[in-house]
>>> print(open('upload25.txt').read())   # compact mmCIF, C-alpha atoms
# COMPACT_ATOMS: atom_id res chain seq x y z
CA MET A 21 0.53 19.62 -33.43
CA ASN A 22 -2.01 20.91 -35.93
CA ASP A 23 -3.75 17.54 -35.62
CA ARG A 24 -5.29 18.46 -32.25
CA HIS A 25 -8.54 20.29 -31.48
CA VAL A 26 -9.34 21.92 -28.14
CA PHE A 27 -12.92 22.23 -26.85
CA GLN A 28 -14.08 24.18 -23.83
CA ILE A 29 -16.83 22.95 -21.52
CA ASP A 30 -18.43 25.15 -18.87
CA GLY A 31 -21.69 25.52 -17.00
CA SER A 32 -22.82 24.50 -13.52
CA ASP A 33 -23.42 20.87 -14.56
CA SER A 34 -20.20 20.39 -16.54
CA GLU A 35 -18.34 18.19 -14.04
CA ALA A 36 -21.32 15.97 -13.29
CA PHE A 37 -22.01 15.74 -17.02
CA LEU A 38 -18.50 14.53 -17.81
CA GLN A 39 -18.34 12.25 -14.77
CA GLY A 40 -21.27 10.25 -16.12
CA LEU A 41 -19.67 9.82 -19.53
CA ILE A 42 -15.90 9.38 -19.42
CA THR A 43 -13.69 6.50 -18.29
CA ASN A 44 -11.75 8.45 -15.66
CA ASP A 45 -12.72 10.23 -12.42
CA ILE A 46 -13.25 13.95 -13.01
CA GLN A 47 -11.97 14.68 -9.49
CA LYS A 48 -8.46 13.86 -10.73
CA LEU A 49 -8.48 17.18 -12.57
CA ASP A 50 -7.45 18.71 -9.25
CA GLN A 51 -4.11 16.90 -9.68
CA GLY A 52 -3.42 18.29 -13.16
CA LEU A 53 -3.85 16.89 -16.66
CA MET A 54 -6.13 13.86 -16.96
CA TYR A 55 -6.36 11.25 -19.73
CA ALA A 56 -9.69 9.58 -20.50
CA ALA A 57 -11.98 8.23 -23.21
CA LEU A 58 -15.60 8.25 -24.29
CA LEU A 59 -16.94 4.82 -25.21
CA THR A 60 -19.95 3.36 -26.94
CA PRO A 61 -22.44 1.45 -24.76
CA GLN A 62 -20.76 -1.70 -26.13
CA GLY A 63 -17.43 -0.57 -24.65
CA LYS A 64 -15.64 0.42 -27.86
CA LEU A 65 -13.73 3.64 -28.28
CA ILE A 66 -15.34 6.82 -29.60
CA ALA A 67 -12.42 9.10 -28.71
CA ASP A 68 -9.49 9.38 -26.32
CA PHE A 69 -8.53 12.84 -25.02
CA PHE A 70 -6.96 14.94 -22.29
CA LEU A 71 -8.84 17.16 -19.86
CA SER A 72 -7.51 20.12 -17.87
CA ARG A 73 -8.96 23.00 -15.89
CA LEU A 74 -8.97 26.59 -17.16
CA LYS A 75 -10.45 28.90 -14.51
CA ASN A 76 -14.13 27.88 -14.34
CA ALA A 77 -14.02 25.77 -17.48
CA ILE A 78 -12.62 22.42 -18.58
CA LEU A 79 -10.54 22.02 -21.74
CA ILE A 80 -10.69 18.85 -23.83
CA ASP A 81 -7.67 18.19 -26.07
CA VAL A 82 -8.56 15.62 -28.75
CA ALA A 83 -7.02 14.35 -31.99
CA ALA A 84 -8.47 15.84 -35.17
CA CYS A 85 -9.53 12.38 -36.38
CA PHE A 86 -11.91 12.06 -33.42
CA ALA A 87 -12.83 15.71 -32.90
CA ASP A 88 -16.04 15.98 -34.93
CA THR A 89 -17.46 12.74 -33.60
CA LEU A 90 -16.62 13.63 -30.00
CA PHE A 91 -18.10 17.13 -30.31
CA ALA A 92 -21.34 15.77 -31.79
CA ARG A 93 -21.64 13.02 -29.17
CA LEU A 94 -21.11 15.45 -26.28
CA GLN A 95 -23.75 17.78 -27.72
CA MET A 96 -26.13 14.83 -27.98
CA TYR A 97 -25.61 13.76 -24.37
CA LYS A 98 -25.96 17.16 -22.72
CA LEU A 99 -29.77 17.31 -23.19
CA ARG A 100 -31.09 19.99 -20.78
CA SER A 101 -28.01 20.10 -18.54
CA ASP A 102 -26.42 23.46 -17.81
CA VAL A 103 -23.46 22.64 -20.03
CA ASN A 104 -21.90 24.71 -22.80
CA ILE A 105 -19.57 23.00 -25.28
CA SER A 106 -17.59 25.25 -27.62
CA LYS A 107 -14.69 24.98 -30.03
CA THR A 108 -11.60 27.12 -29.38
CA ASP A 109 -8.63 28.30 -31.42
CA LEU A 110 -6.17 27.10 -28.80
CA ARG A 111 -3.18 25.10 -30.00
CA VAL A 112 -1.37 22.30 -28.21
CA LYS A 113 2.37 22.55 -27.70
CA ARG A 114 4.40 19.73 -26.21
CA GLY A 115 7.99 18.92 -25.38
CA THR A 116 10.31 16.78 -23.29
CA GLY A 117 12.62 19.41 -21.84
CA PRO A 118 12.04 21.52 -18.72
CA CYS A 119 8.34 22.12 -18.16
CA PRO A 120 7.43 25.73 -19.11
CA LYS A 121 5.21 27.97 -17.03
CA HIS A 122 1.53 27.00 -17.33
CA ALA A 123 2.42 23.66 -18.97
CA VAL A 124 1.20 20.37 -17.47
CA ALA A 125 2.91 17.00 -17.28
CA ASP A 126 1.57 14.31 -19.60
CA CYS A 127 -0.12 11.93 -17.20
CA ARG A 128 0.27 8.81 -19.36
CA HIS A 129 4.03 8.32 -18.93
CA PRO A 130 6.97 10.46 -17.69
CA ALA A 131 8.78 10.03 -21.02
CA LEU A 132 5.99 11.98 -22.77
CA GLY A 133 7.04 15.27 -21.17
CA TRP A 134 4.52 18.09 -21.01
CA ARG A 135 1.62 19.70 -22.84
CA GLN A 136 0.71 23.39 -23.03
CA PHE A 137 -2.31 25.20 -24.46
CA GLY A 138 -1.64 28.49 -26.20
CA SER A 139 -2.45 30.91 -28.99
CA THR A 140 -2.51 30.20 -32.72
CA THR A 141 0.97 31.71 -33.01
CA ALA A 142 2.54 29.19 -30.65
CA THR A 143 5.22 26.84 -31.91
CA ASP A 144 3.63 23.41 -31.76
CA ASP A 145 6.54 21.05 -31.26
CA ASP A 146 10.15 20.92 -30.05
CA GLY A 147 11.43 18.30 -32.48
CA THR A 148 11.09 15.30 -30.18
CA ASP A 149 10.77 11.93 -31.93
CA TRP A 150 7.38 11.10 -30.48
CA ASP A 151 6.96 7.89 -32.44
CA ASP A 152 10.17 6.53 -30.94
CA ILE A 153 8.98 7.37 -27.43
CA ARG A 154 5.59 5.79 -28.08
CA VAL A 155 7.02 2.60 -29.52
CA THR A 156 9.60 2.31 -26.72
CA HIS A 157 6.96 2.64 -23.99
CA LEU A 158 4.02 0.98 -25.80
CA ILE A 159 1.83 4.08 -25.96
CA PRO A 160 -0.97 3.97 -28.56
CA GLU A 161 -1.83 6.91 -30.81
CA SER A 162 -5.28 8.19 -31.79
CA GLY A 163 -6.19 7.05 -35.29
CA ILE A 164 -3.38 4.47 -35.46
CA GLU A 165 -3.52 1.95 -32.61
CA LEU A 166 -6.65 3.63 -31.21
CA THR A 167 -9.65 3.29 -33.54
CA GLU A 168 -13.40 2.76 -33.37
CA ASP A 169 -12.75 -0.99 -32.97
CA THR A 170 -10.59 -0.53 -29.86
CA TYR A 171 -11.41 -1.87 -26.42
CA ILE A 172 -9.41 0.42 -24.15
CA LEU A 173 -8.05 -2.29 -21.85
CA GLU A 174 -6.56 -4.06 -24.87
CA ALA A 175 -4.83 -0.74 -25.63
CA GLY A 176 -3.27 -0.49 -22.16
CA PHE A 177 -5.45 2.30 -20.77
CA GLU A 178 -4.98 1.11 -17.20
CA ALA A 179 -1.20 1.54 -17.42
CA LEU A 180 -1.73 4.93 -19.10
CA ASN A 181 -3.86 6.22 -16.19
CA GLY A 182 -6.85 6.56 -18.50
CA VAL A 183 -9.49 4.55 -16.64
CA ASP A 184 -10.76 4.48 -13.06
CA PHE A 185 -12.40 1.29 -11.77
CA LYS A 186 -13.67 2.85 -8.54
CA LYS A 187 -15.72 5.72 -9.95
CA GLY A 188 -19.43 5.45 -10.66
CA CYS A 189 -21.09 4.42 -13.87
CA TYR A 190 -20.18 5.82 -17.28
CA VAL A 191 -21.03 4.87 -20.84
CA GLY A 192 -19.42 1.51 -21.66
CA GLN A 193 -18.49 0.90 -18.00
CA GLU A 194 -20.16 -2.51 -17.73
CA VAL A 195 -18.15 -4.06 -20.57
CA THR A 196 -14.90 -2.44 -19.42
CA ALA A 197 -15.36 -3.56 -15.82
CA ARG A 198 -16.20 -7.11 -16.88
CA MET A 199 -13.04 -7.30 -18.98
CA HIS A 200 -11.03 -6.02 -16.01
CA HIS A 201 -12.50 -8.18 -13.24
CA LYS A 202 -13.72 -11.39 -14.82
CA THR A 203 -11.57 -12.29 -17.80
CA ASP A 204 -7.98 -12.56 -18.92
CA LEU A 205 -7.39 -10.44 -22.00
CA ARG A 206 -6.98 -12.57 -25.09
CA LYS A 207 -5.82 -9.74 -27.34
CA GLY A 208 -3.90 -6.53 -26.89
CA LEU A 209 -0.95 -4.34 -27.77
CA ARG A 210 2.57 -5.69 -27.55
CA ARG A 211 5.97 -4.28 -28.41
CA VAL A 212 7.63 -6.21 -31.22
CA LYS A 213 10.93 -6.40 -33.03
CA VAL A 214 10.56 -5.72 -36.76
CA ARG A 215 13.17 -6.88 -39.28
CA GLY A 216 12.24 -5.65 -42.75
CA LYS A 217 9.56 -3.30 -44.06
CA ALA A 218 5.81 -3.35 -43.53
CA PRO A 219 3.30 -0.48 -43.78
CA VAL A 220 1.22 0.56 -40.78
CA GLY A 221 -1.86 -1.65 -40.65
CA THR A 222 -0.20 -4.73 -42.16
CA SER A 223 -1.61 -8.06 -41.00
CA ILE A 224 0.72 -10.29 -39.01
CA ILE A 225 0.70 -13.93 -40.10
CA ALA A 226 1.88 -17.06 -38.27
CA ASP A 227 1.49 -20.59 -39.61
CA GLY A 228 -0.78 -19.33 -42.35
CA LYS A 229 -3.20 -17.58 -39.95
CA THR A 230 -3.73 -13.88 -39.21
CA VAL A 231 -2.68 -13.34 -35.59
CA GLY A 232 -2.61 -9.55 -35.38
CA THR A 233 -1.78 -6.21 -36.96
CA LEU A 234 1.43 -4.20 -37.07
CA TYR A 235 1.09 -0.48 -36.38
CA SER A 236 3.59 2.26 -35.40
CA GLN A 237 7.28 1.54 -35.98
CA SER A 238 10.54 3.22 -34.98
CA ARG A 239 14.06 1.98 -35.50
CA SER A 240 13.71 -1.81 -35.50
CA PHE A 241 10.75 -1.95 -33.12
CA GLY A 242 7.00 -1.59 -33.44
CA ILE A 243 3.62 -1.74 -31.75
CA ALA A 244 1.39 -4.67 -32.69
CA HIS A 245 -2.09 -5.77 -31.71
CA LEU A 246 -1.92 -9.54 -31.25
CA ARG A 247 -4.01 -12.54 -30.28
CA PHE A 248 -1.95 -13.77 -27.35
CA GLN A 249 -2.60 -17.49 -27.73
CA HIS A 250 -1.37 -17.37 -31.34
CA ILE A 251 1.91 -15.51 -30.74
CA ALA A 252 4.67 -17.51 -32.41
CA SER A 253 8.35 -17.29 -33.26
CA ASN A 254 7.74 -17.27 -37.02
CA MET A 255 5.44 -14.26 -37.44
CA VAL A 256 5.64 -12.13 -40.60
CA ALA A 257 4.06 -8.89 -41.77
CA SER A 258 4.45 -8.32 -45.51
CA GLU A 259 8.24 -8.38 -46.03
CA ALA A 260 9.06 -8.04 -42.33
CA VAL A 261 9.79 -10.67 -39.70
CA VAL A 262 8.07 -9.89 -36.39
CA ASN A 263 8.98 -11.18 -32.92
CA ILE A 264 7.87 -10.30 -29.40
CA VAL A 265 10.32 -8.01 -27.60
CA GLU A 266 11.82 -9.23 -24.36
CA ASN A 267 11.62 -6.86 -21.38
CA ASP A 268 15.31 -5.92 -21.48
CA GLU A 269 15.40 -5.04 -25.19
CA VAL A 270 15.59 -1.32 -26.00
>>> encode(input="upload25.txt", output="structure tokens")
Amino acid sequence: MNDRHVFQIDGSDSEAFLQGLITNDIQKLDQGLMYAALLTPQGKLIADFFLSRLKNAILIDVAACFADTLFARLQMYKLRSDVNISKTDLRVKRGTGPCPKHAVADCRHPALGWRQFGSTTATDDDGTDWDDIRVTHLIPESGIELTEDTYILEAGFEALNGVDFKKGCYVGQEVTARMHHKTDLRKGLRRVKVRGKAPVGTSIIADGKTVGTLYSQSRSFGIAHLRFQHIASNMVASEAVVNIVENDEV
């Protein structure tokens, strides 16, 4: 997983600092790995990441595509707080077999196995088909389904244990809470059946109108972001025919 960066945050104000920024409750770190995001004030995604404790510090495991932006934004927010944010040379290893010593379970879904932070000589992966697991369980990926245009509830963050609606305020909290409490989502990720070929990012068309976008694919299934009221039985994406997957389809 060379596409991950690991930051270390320490200092007496580090937990309070993060608690006021991220979508999840920092107290959950006592239970193990935690998934969360940093949002813009308008509620859109800046970065999604994992947090874990390391002695008196907190590690942040983030995709390379979001790493520079996240690091800069955290530095901007810390102001005069007693918070130190540093880059590390730690690597992320993951797998789906027995959980090794010092590894932590992926908190998003049991099928995602475990994650472990180690030296630069560590083997990064165990050969698992992660795209197939993600598509099967509708789990978005940084830089693919998760972009700067993403609203996290449309990406299923509640089901992925990535947002806490009982914690105090954080950046983007007002928009996220309003979407959760006062409205039915009109758009979001859905698992689809794909017959034919279509590149990641292909527009999905129904009755001559764009109704969504097709993203990750594995076997004959995929993840799509769709406008729910326009879902139809005759959707196409480039040369592929796209249909909503029924709950019992694997």
>>> closest_atom_pairs(input="upload25.txt", of="segment 188-257 of chain A", to="segment 177-181 of chain A", cutoff="12 Å", atoms="all atoms listed in the file", output="JSON lines")
{"residue": "A:Thr196", "atom": "CA", "partner": "A:Phe177", "partner_atom": "CA", "distance": 10.7}
{"residue": "A:Ala197", "atom": "CA", "partner": "A:Glu178", "partner_atom": "CA", "distance": 11.5}
{"residue": "A:Met199", "atom": "CA", "partner": "A:Glu178", "partner_atom": "CA", "distance": 11.8}
{"residue": "A:His200", "atom": "CA", "partner": "A:Glu178", "partner_atom": "CA", "distance": 9.4}
{"residue": "A:Gly208", "atom": "CA", "partner": "A:Phe177", "partner_atom": "CA", "distance": 10.9}
{"residue": "A:Leu209", "atom": "CA", "partner": "A:Phe177", "partner_atom": "CA", "distance": 10.6}
>>> residues_around(input="upload25.txt", residues="segment 50-59 of chain A", least_positions_apart="2", cutoff="10 Å", atoms="all atoms listed in the file", output="count of residues only")
52
>>> residues_around(input="upload25.txt", residues="His122 of chain A", least_positions_apart="4", cutoff="10 Å", atoms="all atoms listed in the file", output="PDB file with C-alpha atoms, in the coordinates of the input")
ATOM      1  CA  ARG A 135       1.620  19.700 -22.840  1.00  0.00           C
ATOM      2  CA  GLN A 136       0.710  23.390 -23.030  1.00  0.00           C
ATOM      3  CA  PHE A 137      -2.310  25.200 -24.460  1.00  0.00           C
ATOM      4  CA  GLY A 138      -1.640  28.490 -26.200  1.00  0.00           C
TER       5      GLY A 138
END
>>> closest_residue(input="upload25.txt", among="A:Lys121, A:Arg239, A:Arg247, A:Arg206", to="Ala226 of chain A", atoms="all atoms listed in the file")
A:Arg247
>>> atom_distance(input="upload25.txt", atom1="atom CA of Phe37 of chain A", atom2="atom CA of Gly163 of chain A")
25.7 Å
>>> axis_aligned_box(input="upload25.txt", around="segment 37-53 of chain A", padding_each_side="6 Å", output="JSON")
{"center_x": -12.7, "center_y": 12.6, "center_z": -14.4, "size_x": 30.6, "size_y": 24.2, "size_z": 22.3}
>>> atom_distance(input="upload25.txt", atom1="atom CA of Arg198 of chain A", atom2="atom CA of Arg210 of chain A")
21.6 Å
>>> closest_residue(input="upload25.txt", among="A:Val220, A:Ile251, A:Ala131, A:Val26", to="Asp88 of chain A", atoms="all atoms listed in the file")
A:Val26
>>> atom_distance(input="upload25.txt", atom1="atom CA of Ala87 of chain A", atom2="atom CA of Asp30 of chain A")
17.8 Å
>>> residues_around(input="upload25.txt", residues="Lys207 of chain A", least_positions_apart="2", cutoff="9 Å", atoms="all atoms listed in the file", output="number ranges by chain")
A: 174, 205, 209, 232, 245-249
>>> residues_around(input="upload25.txt", residues="segment 150-152 of chain A", least_positions_apart="5", cutoff="12 Å", atoms="only C-alpha atoms", output="ChimeraX atom specification")
/A:21,114-116,131-133,145,157-161,164,211,235-243,270
